[in-house]
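One file, data14.txt, carrying compact mmCIF, C-alpha atoms:
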# COMPACT_ATOMS: atom_id res chain seq x y z
CA MET A 688 15.32 69.75 8.56
CA ALA A 689 15.47 66.88 11.06
CA ILE A 690 12.20 65.31 12.13
CA GLN A 691 11.75 64.80 15.85
CA ILE A 692 9.13 62.54 17.36
CA ARG A 693 8.38 62.87 21.03
CA ARG A 694 7.92 59.71 23.15
CA ARG A 695 4.15 60.30 23.56
CA GLU A 696 3.69 60.77 19.80
CA PHE A 697 5.69 57.58 19.15
CA ILE A 698 3.43 55.58 21.47
CA THR A 699 0.39 57.04 19.72
CA LEU A 700 1.74 55.90 16.38
CA LEU A 701 2.21 52.39 17.74
CA GLY A 702 -1.34 52.42 19.04
CA GLY A 703 -2.57 53.49 15.63
CA ALA A 704 -0.75 50.57 14.03
CA ALA A 705 -2.43 48.20 16.48
CA ALA A 706 -5.76 49.68 15.47
CA ALA A 707 -5.24 48.93 11.80
CA PRO A 708 -8.37 47.92 9.87
CA SER A 709 -9.53 44.41 10.82
CA PHE A 710 -9.56 43.23 7.20
CA LEU A 711 -5.76 43.45 7.23
CA TRP A 712 -5.36 41.14 10.26
CA PRO A 713 -5.79 37.77 8.44
CA LEU A 714 -3.13 38.81 5.92
CA ALA A 715 -0.72 39.66 8.70
CA ALA A 716 -1.52 36.46 10.58
CA ARG A 717 -0.94 34.32 7.48
CA ALA A 718 2.35 36.05 6.85
CA GLN A 719 3.53 34.99 10.31
CA GLN A 720 2.38 31.38 10.07
CA PRO A 721 5.02 28.70 9.34
CA ALA A 722 4.88 26.96 5.97
CA MET A 723 2.55 23.94 5.86
CA PRO A 724 4.53 20.67 6.01
CA VAL A 725 4.46 18.55 2.85
CA ILE A 726 4.32 14.74 2.74
CA GLY A 727 5.70 13.06 -0.35
CA PHE A 728 3.64 10.03 -1.42
CA LEU A 729 5.45 7.77 -3.87
CA ARG A 730 4.21 4.47 -5.32
CA SER A 731 5.60 2.38 -8.13
CA THR A 732 2.11 1.69 -9.52
CA THR A 733 -0.40 3.76 -11.47
CA GLU A 734 -2.80 6.08 -9.68
CA ALA A 735 -5.73 4.00 -10.97
CA GLY A 736 -6.87 1.46 -8.40
CA SER A 737 -5.16 3.23 -5.49
CA ALA A 738 -8.03 5.41 -4.29
CA GLN A 739 -8.73 3.26 -1.21
CA LEU A 740 -5.08 3.36 -0.15
CA VAL A 741 -4.95 7.14 -0.48
CA ALA A 742 -8.20 7.51 1.48
CA ALA A 743 -6.76 5.28 4.23
CA LEU A 744 -3.59 7.38 4.33
CA ARG A 745 -5.64 10.54 4.79
CA GLN A 746 -7.65 8.85 7.55
CA GLY A 747 -4.47 7.89 9.39
CA LEU A 748 -3.15 11.42 9.14
CA LYS A 749 -6.47 12.74 10.44
CA GLU A 750 -6.30 10.39 13.41
CA ALA A 751 -2.84 11.80 14.12
CA GLY A 752 -4.23 15.35 14.01
CA PHE A 753 -3.42 16.40 10.43
CA VAL A 754 -5.99 17.23 7.75
CA GLU A 755 -4.84 17.61 4.16
CA GLY A 756 -5.17 21.21 3.01
CA GLN A 757 -5.43 22.53 6.57
CA ASP A 758 -2.44 21.20 8.52
CA VAL A 759 -0.49 19.31 5.86
CA ALA A 760 -0.11 19.03 2.08
CA ILE A 761 0.50 15.79 0.15
CA ASP A 762 2.59 15.65 -3.03
CA PHE A 763 1.57 12.53 -4.97
CA ARG A 764 3.99 10.85 -7.38
CA TRP A 765 3.25 7.66 -9.38
CA GLY A 766 5.74 5.38 -11.10
CA ASP A 767 3.09 4.01 -13.51
CA ASP A 768 4.61 0.50 -13.24
CA GLN A 769 7.93 1.78 -14.59
CA PRO A 770 10.52 1.23 -11.84
CA ASP A 771 13.17 3.20 -13.73
CA ARG A 772 11.10 6.37 -13.12
CA LEU A 773 11.27 6.07 -9.34
CA PRO A 774 14.79 7.50 -8.75
CA GLY A 775 13.84 10.72 -10.58
CA LEU A 776 10.54 11.02 -8.73
CA ALA A 777 12.23 10.45 -5.39
CA ALA A 778 14.89 13.05 -6.23
CA ASP A 779 12.12 15.57 -7.03
CA LEU A 780 10.57 15.04 -3.60
CA VAL A 781 13.95 15.49 -1.93
CA ARG A 782 14.55 18.73 -3.85
CA ARG A 783 11.18 19.97 -2.66
CA GLN A 784 12.36 19.27 0.91
CA VAL A 785 9.25 17.35 1.92
CA ALA A 786 8.90 16.56 5.63
CA VAL A 787 8.21 12.82 5.19
CA ILE A 788 8.13 10.34 2.30
CA ILE A 789 5.62 7.46 2.27
CA GLY A 790 6.01 4.66 -0.26
CA ASN A 791 5.77 0.98 -1.13
CA VAL A 792 8.92 -1.16 -1.22
CA LEU A 793 10.24 -0.15 -4.65
CA ALA A 794 9.48 3.50 -3.96
CA THR A 795 11.15 3.29 -0.55
CA GLN A 796 14.31 1.84 -2.05
CA ALA A 797 14.46 4.75 -4.49
CA ALA A 798 13.85 7.25 -1.69
CA MET A 799 16.56 5.66 0.47
CA ALA A 800 19.03 6.11 -2.38
CA ALA A 801 18.02 9.78 -2.67
CA THR A 802 18.16 10.83 1.00
CA THR A 803 19.42 9.76 4.40
CA ALA A 804 17.97 12.80 6.13
CA ILE A 805 14.26 12.95 5.25
CA PRO A 806 12.13 10.45 7.26
CA ILE A 807 10.69 7.61 5.17
CA VAL A 808 7.66 5.44 6.06
CA PHE A 809 7.27 2.28 3.99
CA VAL A 810 4.31 -0.07 3.50
CA SER A 811 5.51 -3.59 2.72
CA GLY A 812 3.99 -6.99 2.06
CA GLY A 813 7.31 -8.72 2.71
CA ASP A 814 10.16 -8.84 5.19
CA PRO A 815 11.67 -5.32 5.37
CA VAL A 816 14.87 -6.61 6.97
CA ARG A 817 15.46 -9.05 4.13
CA ARG A 818 14.71 -6.30 1.62
CA GLY A 819 17.31 -4.07 3.28
CA LEU A 820 14.85 -1.37 4.34
CA VAL A 821 15.68 -1.56 8.05
CA GLY A 822 18.30 -3.28 10.17
CA SER A 823 15.79 -4.51 12.75
CA LEU A 824 12.03 -4.52 13.26
CA ASN A 825 12.28 -3.27 16.86
CA ARG A 826 15.11 -0.80 16.25
CA PRO A 827 14.96 0.30 12.60
CA GLY A 828 17.79 2.82 12.91
CA GLY A 829 18.46 5.52 10.33
CA ASN A 830 15.66 7.50 8.73
CA VAL A 831 13.34 4.63 7.78
CA THR A 832 10.47 2.82 9.51
CA GLY A 833 7.09 1.54 8.38
CA VAL A 834 4.23 -0.93 8.39
CA VAL A 835 4.27 -4.56 7.24
CA PHE A 836 1.18 -6.44 6.09
CA THR A 837 3.06 -9.74 5.85
CA SER A 838 1.59 -12.13 3.32
CA VAL A 839 4.47 -14.43 2.39
CA ASP A 840 3.89 -17.03 5.08
CA LEU A 841 0.15 -17.13 4.20
CA THR A 842 0.72 -18.69 0.78
CA ALA A 843 0.20 -22.20 2.17
CA LYS A 844 -3.03 -21.11 3.89
CA ARG A 845 -4.41 -19.63 0.65
CA LEU A 846 -3.53 -22.71 -1.34
CA GLY A 847 -5.23 -24.85 1.30
CA LEU A 848 -8.42 -22.77 1.03
CA LEU A 849 -8.39 -23.12 -2.74
CA HIS A 850 -7.84 -26.86 -2.45
CA GLU A 851 -10.83 -27.08 -0.12
CA LEU A 852 -12.93 -25.32 -2.73
CA VAL A 853 -11.82 -27.54 -5.63
CA PRO A 854 -10.75 -30.78 -3.90
CA LYS A 855 -10.98 -32.92 -7.04
CA SER A 856 -8.69 -30.75 -9.15
CA ALA A 857 -5.32 -32.38 -9.79
CA VAL A 858 -3.74 -29.08 -10.85
CA ILE A 859 -3.87 -25.66 -9.24
CA ALA A 860 -2.44 -22.59 -10.99
CA ALA A 861 -0.52 -19.76 -9.36
CA MET A 862 0.36 -16.39 -10.86
CA PHE A 863 3.24 -14.21 -9.66
CA ASP A 864 5.03 -11.07 -10.68
CA PRO A 865 8.73 -12.08 -10.63
CA ALA A 866 9.73 -8.50 -9.82
CA ALA A 867 7.53 -8.32 -6.73
CA PRO A 868 9.08 -8.36 -3.26
CA GLU A 869 9.42 -11.92 -1.93
CA ALA A 870 8.14 -13.42 -5.21
CA GLU A 871 10.77 -16.17 -5.23
CA LEU A 872 9.88 -17.17 -1.67
CA GLN A 873 6.16 -17.19 -2.49
CA MET A 874 6.71 -19.42 -5.52
CA ARG A 875 8.82 -21.84 -3.50
CA ASP A 876 6.20 -21.99 -0.73
CA THR A 877 3.48 -22.63 -3.31
CA GLN A 878 5.37 -25.53 -4.87
CA GLU A 879 6.17 -27.09 -1.50
CA THR A 880 2.59 -26.78 -0.25
CA ALA A 881 1.14 -28.20 -3.46
CA GLY A 882 3.43 -31.21 -3.13
CA ALA A 883 2.41 -31.70 0.49
CA ILE A 884 -1.28 -31.92 -0.40
CA GLY A 885 -0.62 -34.13 -3.43
CA ARG A 886 -1.44 -31.55 -6.11
CA LYS A 887 0.49 -30.27 -9.09
CA VAL A 888 0.96 -26.54 -9.43
CA LEU A 889 1.44 -24.55 -12.61
CA ILE A 890 3.22 -21.24 -11.97
CA ALA A 891 2.67 -18.44 -14.47
CA LYS A 892 5.01 -15.45 -14.26
CA VAL A 893 3.39 -12.17 -15.26
CA ALA A 894 5.53 -9.04 -15.51
CA ASP A 895 3.28 -6.92 -17.75
CA GLU A 896 -0.02 -7.07 -19.63
CA ARG A 897 1.59 -8.82 -22.58
CA ASP A 898 2.02 -11.87 -20.33
CA PHE A 899 -1.65 -12.08 -19.35
CA ALA A 900 -2.93 -13.86 -22.45
CA ALA A 901 -0.03 -16.34 -22.49
CA GLY A 902 -0.34 -16.95 -18.75
CA PHE A 903 -4.07 -17.67 -18.80
CA GLY A 904 -3.68 -19.72 -21.98
CA ALA A 905 -1.13 -21.98 -20.27
CA ILE A 906 -3.36 -22.27 -17.21
CA ALA A 907 -6.33 -23.30 -19.36
CA GLN A 908 -4.25 -25.94 -21.16
CA SER A 909 -3.09 -27.40 -17.85
CA GLY A 910 -6.67 -28.04 -16.77
CA ALA A 911 -6.13 -26.20 -13.49
CA GLY A 912 -9.20 -26.04 -11.30
CA GLY A 913 -8.31 -22.84 -9.44
CA LEU A 914 -5.97 -19.87 -9.42
CA LEU A 915 -3.87 -18.30 -6.66
CA VAL A 916 -2.60 -14.79 -7.39
CA GLY A 917 0.48 -13.65 -5.49
CA GLY A 918 1.49 -10.32 -4.04
CA GLY A 919 3.21 -7.23 -5.33
CA PRO A 920 2.05 -3.76 -6.36
CA TYR A 921 1.72 -4.61 -10.07
CA LEU A 922 -0.73 -7.49 -9.66
CA LEU A 923 -2.65 -5.51 -7.06
CA SER A 924 -3.09 -2.62 -9.48
CA ARG A 925 -4.36 -5.06 -12.15
CA ARG A 926 -6.74 -6.97 -9.88
CA ARG A 927 -9.92 -6.05 -11.79
CA GLN A 928 -8.43 -7.13 -15.09
CA LEU A 929 -7.27 -10.38 -13.48
CA ALA A 930 -10.74 -10.99 -12.03
CA THR A 931 -12.31 -10.48 -15.45
CA MET A 932 -9.91 -12.94 -17.10
CA ALA A 933 -10.37 -15.51 -14.33
CA ALA A 934 -14.13 -15.34 -14.88
CA ARG A 935 -13.63 -15.70 -18.64
CA TYR A 936 -11.69 -18.92 -18.06
CA THR A 937 -14.11 -20.06 -15.31
CA LEU A 938 -11.34 -20.13 -12.72
CA PRO A 939 -12.09 -19.76 -9.00
CA ALA A 940 -9.38 -17.35 -7.86
CA ILE A 941 -8.01 -16.29 -4.49
CA GLY A 942 -6.06 -13.08 -3.85
CA ILE A 943 -3.96 -11.74 -1.01
CA THR A 944 -6.12 -8.86 0.27
CA ARG A 945 -9.78 -7.87 0.58
CA SER A 946 -9.50 -5.59 -2.45
CA PHE A 947 -9.11 -8.67 -4.68
CA ALA A 948 -12.44 -10.10 -3.51
CA GLU A 949 -14.03 -6.69 -3.97
CA ALA A 950 -12.66 -6.61 -7.52
CA GLY A 951 -14.38 -9.90 -8.40
CA PHE A 952 -12.08 -12.67 -7.15
CA LEU A 953 -13.93 -15.55 -5.55
CA MET A 954 -11.94 -15.25 -2.31
CA SER A 955 -9.20 -13.35 -0.56
CA TYR A 956 -7.25 -14.14 2.56
CA GLY A 957 -4.74 -11.92 4.27
CA PRO A 958 -4.10 -8.77 6.24
CA SER A 959 -5.63 -5.46 5.27
CA GLN A 960 -3.40 -3.39 3.00
CA ILE A 961 -5.87 -0.54 3.40
CA ASP A 962 -5.38 -0.61 7.16
CA ALA A 963 -1.61 -0.68 6.62
CA TYR A 964 -1.81 2.62 4.74
CA ARG A 965 -3.97 4.08 7.49
CA ARG A 966 -1.31 3.14 10.02
CA ALA A 967 1.39 4.57 7.74
CA GLY A 968 -0.54 7.86 7.83
CA GLU A 969 -0.53 7.71 11.64
CA TYR A 970 3.23 7.09 11.63
CA ALA A 971 3.79 10.05 9.32
CA GLY A 972 1.72 12.21 11.69
CA ARG A 973 3.84 11.14 14.64
CA ILE A 974 6.98 12.07 12.71
CA LEU A 975 5.54 15.49 11.92
CA LYS A 976 5.07 15.94 15.66
CA GLY A 977 8.74 15.21 16.29
CA ALA A 978 9.11 11.41 16.56
CA LYS A 979 12.27 9.88 15.04
CA PRO A 980 11.97 6.93 12.62
CA ALA A 981 14.98 5.24 14.25
CA ASP A 982 12.99 5.00 17.50
CA MET A 983 9.71 3.80 15.92
CA PRO A 984 9.45 -0.02 15.68
CA VAL A 985 8.11 -1.44 12.43
CA GLU A 986 4.41 -2.27 12.88
CA LEU A 987 3.17 -5.75 11.94
CA ALA A 988 -0.29 -6.87 10.84
CA THR A 989 -2.22 -8.68 13.55
CA LYS A 990 -5.61 -9.44 11.93
CA PHE A 991 -6.23 -11.64 8.90
CA ASP A 992 -9.56 -11.81 7.07
CA LEU A 993 -11.16 -14.38 4.80
CA VAL A 994 -13.52 -12.67 2.35
CA ILE A 995 -15.82 -14.60 -0.01
CA ASN A 996 -17.60 -13.07 -3.01
CA LEU A 997 -20.90 -14.93 -3.44
CA ALA A 998 -21.78 -12.99 -6.59
CA THR A 999 -18.62 -14.33 -8.23
CA ALA A 1000 -19.37 -17.84 -6.96
CA LYS A 1001 -22.80 -17.68 -8.58
CA GLY A 1002 -21.32 -16.46 -11.86
CA LEU A 1003 -18.80 -19.32 -11.88
CA GLY A 1004 -21.39 -21.89 -10.84
CA VAL A 1005 -19.34 -22.75 -7.74
CA GLU A 1006 -21.00 -23.84 -4.51
CA ILE A 1007 -19.15 -22.63 -1.42
CA PRO A 1008 -18.96 -25.39 1.25
CA PRO A 1009 -20.83 -24.45 4.45
CA THR A 1010 -17.64 -25.05 6.46
CA LEU A 1011 -15.83 -22.44 4.38
CA LEU A 1012 -18.69 -19.94 4.67
CA ALA A 1013 -18.62 -20.41 8.44
CA LEU A 1014 -14.94 -19.43 8.49
CA ALA A 1015 -15.48 -16.25 6.44
CA ASP A 1016 -14.99 -12.91 8.17
CA GLU A 1017 -16.97 -11.17 5.42
CA VAL A 1018 -19.28 -12.31 2.62
CA ILE A 1019 -19.87 -10.07 -0.39
CA GLU A 1020 -23.38 -10.71 -1.74

Go ahead and render the structure in this file as C-alpha cells.
Amino acid sequence: MAIQIRRREFITLLGGAAAAPSFLWPLAARAQQPAMPVIGFLRSTTEAGSAQLVAALRQGLKEAGFVEGQDVAIDFRWGDDQPDRLPGLAADLVRRQVAVIIGNVLATQAAMAATTAIPIVFVSGGDPVRRGLVGSLNRPGGNVTGVVFTSVDLTAKRLGLLHELVPKSAVIAAMFDPAAPEAELQMRDTQETAGAIGRKVLIAKVADERDFAAGFGAIAQSGAGGLLVGGGPYLLSRRRQLATMAARYTLPAIGITRSFAEAGFLMSYGPSQIDAYRRAGEYAGRILKGAKPADMPVELATKFDLVINLATAKGLGVEIPPTLLALADEVIE
C-alpha cells in the first residue's frame, strides 16, 4: 500500500524536525563545521630548550586571530639534531595535508623538497636568498616566505664587545657548528675582525657533544680570555650545557640571542629569535586567512639587544665596565 503525505502534514513534519531536542543541536552544529586547519611545526633540533619559541609562535597566531585547540591545531615534529630524519618528517606533514608548515632553515629545505603547494614559513638566522629559500626578499615567489633574525653581520660587533670586556687577552676563542647556516661566513668574519683589532682567534668546530670536551680543552690550552659562540639551531639547543662548560673553564662568553644570556652566558647581542617566531606565527595566521606566500615579503629584524648577566659576571669574578653596562638594553641580576 502506497503511503501518501499531504502538503500540510509534510510541513508539520519539517516543523517537528526543527523542534528537535536542544541537546542534539551542538552535535548537528559540529557536524556542519569545517575541519580545523592544522599547522605543521618542524625543527631540526630537540624539543628540549624550545619552549620559548613555541610559546612565541602561539602568541603570534593568537595576535592573528587563531588560538590553538579552538581555531587551529599544531602538529609538532622534531628532528632531534639528526638532519637525515627531516625529509621523512616533512613528508609526513605533507601526507597529513597541513595548511602551513613552519620551520627553521634545515626543516624548511626538507619541506621545500616535499611540497611546492603547501605554504611554508621559515625562521632563519642567515640570508634566505643565499640559502636558496626564496628568490628575493621583497618578492619571495613560490610557496615560501618567512622571517629573518640576521646575525651574520653582527659577528664583528660581538667580538668587539668581548674584546672590550677582556682587553688584555691576546687570544679570543670562537665556537661554531660547521653545519649551521652561514657558519663559513661567520668564521671568516671572526678571523678578519680579530686581525683588525690585533688579536688571535682560536676557532673550535663543534658538530655534536663529543666535540665539546676537545673544543674546550683546546680553548683552555690556547689561553683564550673569552669565548664567542656562533649561530645555528644545534648550538642554540645546547646553550645551557655550553654556559656550564664556559663557567667551568672560567671563560666570559657571548652568544647571539637573549636566550644565551638567560642560560648563563655572560653576554648576548643580537636580534630576538623569540620575536622572530612570534612574527612567524603572525605570518602563518595571515596565510590561513588567504594571503599568498609569494606576495608576502620576507620580514627582517629591526631591533638588536645587548643583555648582560651580572650573576654570571659575579661567578666568574669579572667586573663589567660602566661604559658597557650603560650600553646594555637589559641586565639580568

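Between CA of Val994 in chain A and CA of Leu793 in chain A the separation is 27.8 Å.
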
List every residue of range 800-834 of chain A that has an atom at most 9 Å from any atom of range 764-787 of chain A, and for each one report the closest atom pair and its distance in Å to one decimal, counting only C-alpha atoms, with rows sorted by chain and then by increasing residue number, as CSV.
residue,atom,partner,partner_atom,distance
A:Ala800,CA,A:Pro774,CA,7.8
A:Ala801,CA,A:Ala778,CA,5.8
A:Thr802,CA,A:Val781,CA,6.9
A:Ile805,CA,A:Val787,CA,6.1
A:Pro806,CA,A:Val787,CA,5.0
A:Ile807,CA,A:Val787,CA,5.8
A:Val808,CA,A:Val787,CA,7.5

Between CA of Ala894 in chain A and CA of Gly833 in chain A - distance in Å to one decimal: 26.2 Å

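Once all atoms listed in the file are considered, the residues situated within 10 Å of the file point (-10.6, -8.2, -1.2) turn out to be Arg926, Ile941, Gly942, Ile943, Thr944, Arg945, Ser946, Phe947, Ala948, Glu949, Ala950, Gly951, Phe952, Leu953, Met954, Ser955, Tyr956, Gly957, Pro958, Ser959, Gln960, Asp992, Leu993, Val994, Ile995, Asn996, Glu1017 and Ile1019 of chain A.
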
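For the set A:Pro724, A:Gly919, A:Gly912, A:Gly736, the residue with the smallest atom-to-atom gap to Leu846 in chain A is A:Gly912, counting only C-alpha atoms.
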
Between CA of Leu915 in chain A and CA of Ala861 in chain A lies a distance of 4.5 Å

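With all atoms listed in the file as the basis for measurement, A:Met932 is the residue among A:Ala1000, A:Leu824, A:Met932, A:Val725 that approaches Gly904 in chain A most closely.
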
With only C-alpha atoms as the counted atoms, please give the residues lying no more than 8 Å from Ala794 in chain A, apart from itself and same-chain residues fewer than 4 positions off, as number ranges by chain. A: 729-731, 773, 777, 790, 798

Model the absent atoms of range 835-869 of chain A so that N, CA and C atoms are present, and write the result as a compact mmCIF listing (two decimals), in the coordinates of the input.
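What follows is the written file selection.txt:
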# COMPACT_ATOMS: atom_id res chain seq x y z
N VAL A 835 4.19 -3.33 8.03
CA VAL A 835 4.27 -4.56 7.24
C VAL A 835 2.92 -5.27 7.29
N PHE A 836 2.36 -5.56 6.14
CA PHE A 836 1.18 -6.44 6.09
C PHE A 836 1.67 -7.76 5.49
N THR A 837 2.36 -8.54 6.31
CA THR A 837 3.06 -9.74 5.85
C THR A 837 2.10 -10.73 5.22
N SER A 838 2.44 -11.18 4.02
CA SER A 838 1.59 -12.13 3.32
C SER A 838 2.35 -13.36 2.85
N VAL A 839 3.67 -13.34 2.93
CA VAL A 839 4.47 -14.43 2.39
C VAL A 839 4.13 -15.76 3.05
N ASP A 840 4.10 -15.77 4.39
CA ASP A 840 3.89 -17.03 5.08
C ASP A 840 2.43 -17.49 5.03
N LEU A 841 1.56 -16.75 4.33
CA LEU A 841 0.15 -17.13 4.20
C LEU A 841 -0.11 -17.85 2.88
N THR A 842 0.91 -18.03 2.06
CA THR A 842 0.72 -18.69 0.78
C THR A 842 0.15 -20.09 0.96
N ALA A 843 0.69 -20.84 1.92
CA ALA A 843 0.20 -22.20 2.17
C ALA A 843 -1.26 -22.19 2.60
N LYS A 844 -1.64 -21.21 3.44
CA LYS A 844 -3.03 -21.11 3.89
C LYS A 844 -3.96 -20.84 2.72
N ARG A 845 -3.57 -19.94 1.81
CA ARG A 845 -4.41 -19.63 0.65
C ARG A 845 -4.56 -20.83 -0.27
N LEU A 846 -3.47 -21.53 -0.47
CA LEU A 846 -3.53 -22.71 -1.34
C LEU A 846 -4.42 -23.78 -0.71
N GLY A 847 -4.36 -23.89 0.61
CA GLY A 847 -5.23 -24.85 1.30
C GLY A 847 -6.70 -24.50 1.15
N LEU A 848 -7.03 -23.21 1.22
CA LEU A 848 -8.42 -22.77 1.03
C LEU A 848 -8.90 -23.08 -0.38
N LEU A 849 -8.03 -22.85 -1.35
CA LEU A 849 -8.39 -23.12 -2.74
C LEU A 849 -8.57 -24.62 -2.96
N HIS A 850 -7.71 -25.40 -2.35
CA HIS A 850 -7.84 -26.86 -2.45
C HIS A 850 -9.15 -27.34 -1.84
N GLU A 851 -9.56 -26.71 -0.74
CA GLU A 851 -10.83 -27.08 -0.12
C GLU A 851 -12.01 -26.76 -1.03
N LEU A 852 -11.87 -25.72 -1.83
CA LEU A 852 -12.93 -25.32 -2.73
C LEU A 852 -13.01 -26.22 -3.95
N VAL A 853 -11.86 -26.66 -4.45
CA VAL A 853 -11.82 -27.54 -5.63
C VAL A 853 -11.00 -28.78 -5.29
N PRO A 854 -11.52 -29.64 -4.40
CA PRO A 854 -10.75 -30.78 -3.90
C PRO A 854 -10.43 -31.83 -4.95
N LYS A 855 -11.20 -31.88 -6.03
CA LYS A 855 -10.98 -32.92 -7.04
C LYS A 855 -10.02 -32.48 -8.14
N SER A 856 -9.59 -31.24 -8.10
CA SER A 856 -8.69 -30.75 -9.15
C SER A 856 -7.27 -31.24 -8.90
N ALA A 857 -6.69 -31.86 -9.92
CA ALA A 857 -5.32 -32.38 -9.79
C ALA A 857 -4.28 -31.27 -9.93
N VAL A 858 -4.68 -30.17 -10.59
CA VAL A 858 -3.74 -29.08 -10.85
C VAL A 858 -4.33 -27.76 -10.34
N ILE A 859 -3.50 -27.00 -9.67
CA ILE A 859 -3.87 -25.66 -9.24
C ILE A 859 -2.85 -24.69 -9.83
N ALA A 860 -3.33 -23.58 -10.37
CA ALA A 860 -2.44 -22.59 -10.99
C ALA A 860 -2.10 -21.49 -9.99
N ALA A 861 -0.93 -20.90 -10.18
CA ALA A 861 -0.52 -19.76 -9.36
C ALA A 861 0.14 -18.74 -10.27
N MET A 862 -0.17 -17.47 -10.03
CA MET A 862 0.36 -16.39 -10.86
C MET A 862 1.15 -15.42 -10.00
N PHE A 863 2.38 -15.11 -10.43
CA PHE A 863 3.24 -14.21 -9.66
C PHE A 863 3.92 -13.21 -10.59
N ASP A 864 4.19 -12.06 -10.01
CA ASP A 864 5.03 -11.07 -10.68
C ASP A 864 6.47 -11.31 -10.21
N PRO A 865 7.37 -11.76 -11.07
CA PRO A 865 8.73 -12.08 -10.63
C PRO A 865 9.49 -10.90 -10.05
N ALA A 866 9.05 -9.68 -10.34
CA ALA A 866 9.73 -8.50 -9.82
C ALA A 866 9.20 -8.06 -8.46
N ALA A 867 8.14 -8.71 -7.99
CA ALA A 867 7.53 -8.32 -6.73
C ALA A 867 8.41 -8.73 -5.55
N PRO A 868 8.34 -7.97 -4.46
CA PRO A 868 9.08 -8.36 -3.26
C PRO A 868 8.67 -9.76 -2.80
N GLU A 869 9.64 -10.58 -2.45
CA GLU A 869 9.42 -11.92 -1.93
C GLU A 869 8.79 -12.89 -2.93
